[in-house]
>>> print(open('coords_25.cif').read())   # mmCIF, C-alpha atoms
data_model
loop_
_atom_site.group_PDB
_atom_site.id
_atom_site.type_symbol
_atom_site.label_atom_id
_atom_site.label_comp_id
_atom_site.auth_asym_id
_atom_site.auth_seq_id
_atom_site.Cartn_x
_atom_site.Cartn_y
_atom_site.Cartn_z
ATOM 1 C CA MET A 789 0.000 0.000 0.000
ATOM 2 C CA ASN A 790 1.230 3.462 -0.867
ATOM 3 C CA SER A 791 2.327 5.424 2.235
ATOM 4 C CA ASP A 792 0.343 8.512 1.145
ATOM 5 C CA LEU A 793 -2.792 6.389 0.791
ATOM 6 C CA HIS A 794 -2.157 4.854 4.193
ATOM 7 C CA LYS A 795 -1.737 8.317 5.769
ATOM 8 C CA GLN A 796 -4.950 9.511 4.136
ATOM 9 C CA MET A 797 -6.844 6.465 5.423
ATOM 10 C CA VAL A 798 -5.550 7.017 8.962
ATOM 11 C CA ILE A 799 -6.533 10.684 8.843
ATOM 12 C CA GLU A 800 -10.042 9.875 7.570
ATOM 13 C CA ALA A 801 -10.486 7.188 10.230
ATOM 14 C CA ASN A 802 -9.566 9.621 13.015
ATOM 15 C CA ARG A 803 -11.292 12.726 11.644
ATOM 16 C CA LYS A 804 -13.781 14.373 13.989
ATOM 17 C CA SER A 805 -17.111 15.790 12.835
ATOM 18 C CA VAL A 806 -18.586 19.137 13.845
ATOM 19 C CA GLY A 807 -22.096 17.677 13.475
ATOM 20 C CA VAL A 808 -21.381 14.861 15.916
ATOM 21 C CA ALA A 809 -19.883 17.376 18.352
ATOM 22 C CA TYR A 810 -23.056 19.482 18.202
ATOM 23 C CA LEU A 811 -25.219 16.404 18.783
ATOM 24 C CA LEU A 812 -23.106 15.456 21.779
ATOM 25 C CA TRP A 813 -23.393 19.042 23.032
ATOM 26 C CA LEU A 814 -27.174 18.950 22.643
ATOM 27 C CA PHE A 815 -27.787 15.652 24.438
ATOM 28 C CA LEU A 816 -24.797 15.251 26.768
ATOM 29 C CA GLY A 817 -23.285 18.737 26.874
ATOM 30 C CA GLY A 818 -23.860 19.172 30.594
ATOM 31 C CA PHE A 819 -21.445 16.333 31.218
ATOM 32 C CA GLY A 820 -18.767 17.705 28.886
ATOM 33 C CA VAL A 821 -18.932 14.796 26.439
ATOM 34 C CA HIS A 822 -18.504 17.125 23.449
ATOM 35 C CA ARG A 823 -15.261 18.407 25.007
ATOM 36 C CA PHE A 824 -13.959 14.855 25.450
ATOM 37 C CA TYR A 825 -14.831 14.169 21.798
ATOM 38 C CA ALA A 826 -12.934 17.288 20.684
ATOM 39 C CA GLY A 827 -9.852 16.278 22.660
ATOM 40 C CA SER A 828 -10.211 18.863 25.451
ATOM 41 C CA THR A 829 -10.038 16.374 28.301
ATOM 42 C CA LYS A 830 -9.304 18.897 31.063
ATOM 43 C CA ALA A 831 -12.253 21.090 30.098
ATOM 44 C CA GLY A 832 -14.458 17.996 29.814
ATOM 45 C CA VAL A 833 -13.528 16.910 33.345
ATOM 46 C CA MET A 834 -14.194 20.427 34.646
ATOM 47 C CA GLN A 835 -17.643 20.450 33.015
ATOM 48 C CA LEU A 836 -18.360 17.002 34.419
ATOM 49 C CA VAL A 837 -17.423 18.145 37.934
ATOM 50 C CA LEU A 838 -19.532 21.306 37.601
ATOM 51 C CA ALA A 839 -22.536 19.220 36.488
ATOM 52 C CA ILE A 840 -22.565 17.408 39.827
ATOM 53 C CA SER A 841 -23.614 20.437 41.897
ATOM 54 C CA VAL A 842 -26.520 22.822 41.525
ATOM 55 C CA ILE A 843 -24.268 25.848 41.989
ATOM 56 C CA GLY A 844 -21.927 24.463 39.327
ATOM 57 C CA TRP A 845 -24.721 24.761 36.770
ATOM 58 C CA LEU A 846 -24.617 28.556 37.226
ATOM 59 C CA VAL A 847 -21.105 28.478 35.760
ATOM 60 C CA LEU A 848 -21.781 25.604 33.390
ATOM 61 C CA LEU A 849 -24.759 27.116 31.539
ATOM 62 C CA PRO A 850 -22.901 30.177 30.186
ATOM 63 C CA TRP A 851 -19.945 27.934 29.374
ATOM 64 C CA LEU A 852 -22.180 25.602 27.378
ATOM 65 C CA LEU A 853 -23.626 28.542 25.454
ATOM 66 C CA LEU A 854 -20.091 29.722 24.691
ATOM 67 C CA ASP A 855 -19.221 26.226 23.488
ATOM 68 C CA LEU A 856 -21.813 26.631 20.722
ATOM 69 C CA ALA A 857 -19.454 29.080 19.049
ATOM 70 C CA LEU A 858 -16.247 27.272 20.043
ATOM 71 C CA ILE A 859 -17.076 23.763 18.799
ATOM 72 C CA PRO A 860 -16.031 24.280 15.137
ATOM 73 C CA GLY A 861 -12.636 25.644 16.187
ATOM 74 C CA LEU A 862 -12.079 22.828 18.688
ATOM 75 C CA ILE A 863 -12.848 20.211 16.046
ATOM 76 C CA ARG A 864 -10.662 21.961 13.468
ATOM 77 C CA GLU A 865 -7.734 22.013 15.926
ATOM 78 C CA LYS A 866 -8.212 18.317 16.733
ATOM 79 C CA ASN A 867 -8.282 17.411 13.029
ATOM 80 C CA MET A 868 -5.156 19.489 12.345
ATOM 81 C CA GLU A 869 -3.431 17.793 15.281
ATOM 82 C CA THR A 870 -4.299 14.397 13.784
ATOM 83 C CA ILE A 871 -2.972 15.440 10.382
ATOM 84 C CA SER A 872 0.280 16.726 11.859
ATOM 85 C CA MET A 873 0.785 13.520 13.860
ATOM 86 C CA VAL A 874 0.325 11.365 10.775
ATOM 87 C CA SER A 875 2.169 13.611 8.325
ATOM 88 C CA GLY A 876 5.166 14.309 10.520
ATOM 89 C CA PRO A 877 6.500 17.858 10.854
ATOM 90 C CA ARG A 878 4.104 20.449 9.547
ATOM 91 C CA GLU A 879 5.089 22.450 6.522
ATOM 92 C CA GLN A 880 5.639 26.152 6.932
ATOM 93 C CA GLY A 881 2.412 28.013 7.480
ATOM 94 C CA PRO A 882 1.689 31.505 6.197
ATOM 95 C CA VAL A 883 3.176 33.152 9.297
ATOM 96 C CA GLU A 884 6.491 31.288 9.009
ATOM 97 C CA ALA A 885 6.608 31.967 5.258
ATOM 98 C CA ALA A 886 5.923 35.678 5.864
ATOM 99 C CA ARG A 887 8.727 35.798 8.430
ATOM 100 C CA ARG A 888 11.086 34.116 5.966
ATOM 101 C CA ILE A 889 10.138 36.551 3.213
ATOM 102 C CA GLU A 890 10.489 39.446 5.630
ATOM 103 C CA THR A 891 13.909 38.190 6.595
ATOM 104 C CA GLN A 892 15.012 37.953 2.964
ATOM 105 C CA ALA A 893 13.694 41.454 2.311
ATOM 106 C CA ASP A 894 15.553 42.695 5.381
ATOM 107 C CA ARG A 895 18.762 41.143 4.115
ATOM 108 C CA ARG A 896 18.378 42.781 0.703
ATOM 109 C CA ARG A 897 17.587 46.120 2.318
ATOM 110 C CA GLU A 898 20.633 45.886 4.577
ATOM 111 C CA ALA A 899 22.850 44.967 1.598
ATOM 112 C CA MET A 900 21.544 47.978 -0.346
ATOM 113 C CA LEU A 901 22.111 50.292 2.626
ATOM 114 C CA GLU A 902 25.618 48.945 3.123
ATOM 115 C CA GLU A 903 26.381 49.511 -0.564
ATOM 116 C CA LEU A 904 25.085 53.072 -0.321
ATOM 117 C CA ARG A 905 27.166 53.711 2.803
ATOM 118 C CA SER A 906 30.298 52.373 1.145
ATOM 119 C CA THR A 907 29.813 54.574 -1.949
ATOM 120 C CA GLY A 908 28.997 57.633 0.148
ATOM 121 C CA TYR A 909 25.386 57.812 -1.079
ATOM 122 C CA LYS A 910 26.549 58.887 -4.534
ATOM 123 C CA LYS A 911 25.369 55.931 -6.552
ATOM 124 C CA GLU A 912 24.297 56.704 -10.109
ATOM 125 C CA ARG A 913 20.757 55.800 -10.985
ATOM 126 C CA PRO A 914 19.999 54.068 -14.257
ATOM 127 C CA GLY A 915 17.902 55.794 -16.904
ATOM 128 C CA PRO A 916 14.240 56.696 -16.340
ATOM 129 C CA SER A 917 13.018 53.489 -18.025
ATOM 130 C CA ASN A 918 14.308 51.281 -15.178
ATOM 131 C CA LEU A 919 12.127 51.688 -12.143
ATOM 132 C CA TYR A 920 13.069 50.488 -8.722
#
>>> encode(input="coords_25.cif", output="structure tokens")
Amino acid sequence: MNSDLHKQMVIEANRKSVGVAYLLWLFLGGFGVHRFYAGSTKAGVMQLVLAISVIGWLVLLPWLLLDLALIPGLIREKNMETISMVSGPREQGPVEAARRIETQADRRREAMLEELRSTGYKKERPGPSNLY
């Protein structure tokens, strides 16, 4: 079996669904089951402990309402974590690529400034057809 096909099969087998997370939130959300499903074990345990007491529900209800908006992000993070575990080291994201480009631009800028300093800022410019 091709290793890429194997990786894809492993990722698909371990992929989490936002729909399932919402169903778990709807029926078992008070016990934090949707958090366990999304891989947030500590938060799931905290919700489970809060569900035991009546006073805990005062904290748990707003938290559950907040989870309505947080579930897609939690599932996305869990799926990305699964992909990175299977694929090995993650490729450079847009932030790392932007830093690399910025670094290259900084190097070019510093080289140009050093050249200008060494010539005493009297460098001849090419004709008007060549724009910088």
>>> resolve_selection(input="coords_25.cif", expression="the PyMOL selection byres ((chain A and resi 828-837) around 9)", output="list in words")
Gly817, Gly818, Phe819, Gly820, Val821, His822, Arg823, Phe824, Tyr825, Ala826, Gly827, Leu838, Ala839, Ile840, Ser841, Gly844, Leu848, Trp851, Leu852, Leu862 and Lys866 of chain A
>>> residues_near_point(input="coords_25.cif", point="(-2.6, 8.7, 7.1)", cutoff="8 Å", atoms="only C-alpha atoms", output="JSON, numbers by chain")
{"A": [791, 792, 793, 794, 795, 796, 797, 798, 799, 800, 871, 874, 875]}
>>> atom_distance(input="coords_25.cif", atom1="atom CA of A:Trp813", atom2="atom CA of A:Leu849")
11.8 Å
>>> atom_distance(input="coords_25.cif", atom1="atom CA of A:Gln892", atom2="atom CA of A:Leu904")
18.5 Å
>>> atom_distance(input="coords_25.cif", atom1="atom CA of A:Gly807", atom2="atom CA of A:Asn867")
13.8 Å
>>> residues_around(input="coords_25.cif", residues="A:Val806", least_positions_apart="5", cutoff="9 Å", atoms="all atoms listed in the file", output="NGL selection string")
:A and (811 or 859-860 or 862-864)
>>> closest_residue(input="coords_25.cif", among="A:Met873, A:Ile843, A:Leu814, A:Met868", to="A:Asp855", atoms="only C-alpha atoms")
A:Leu814
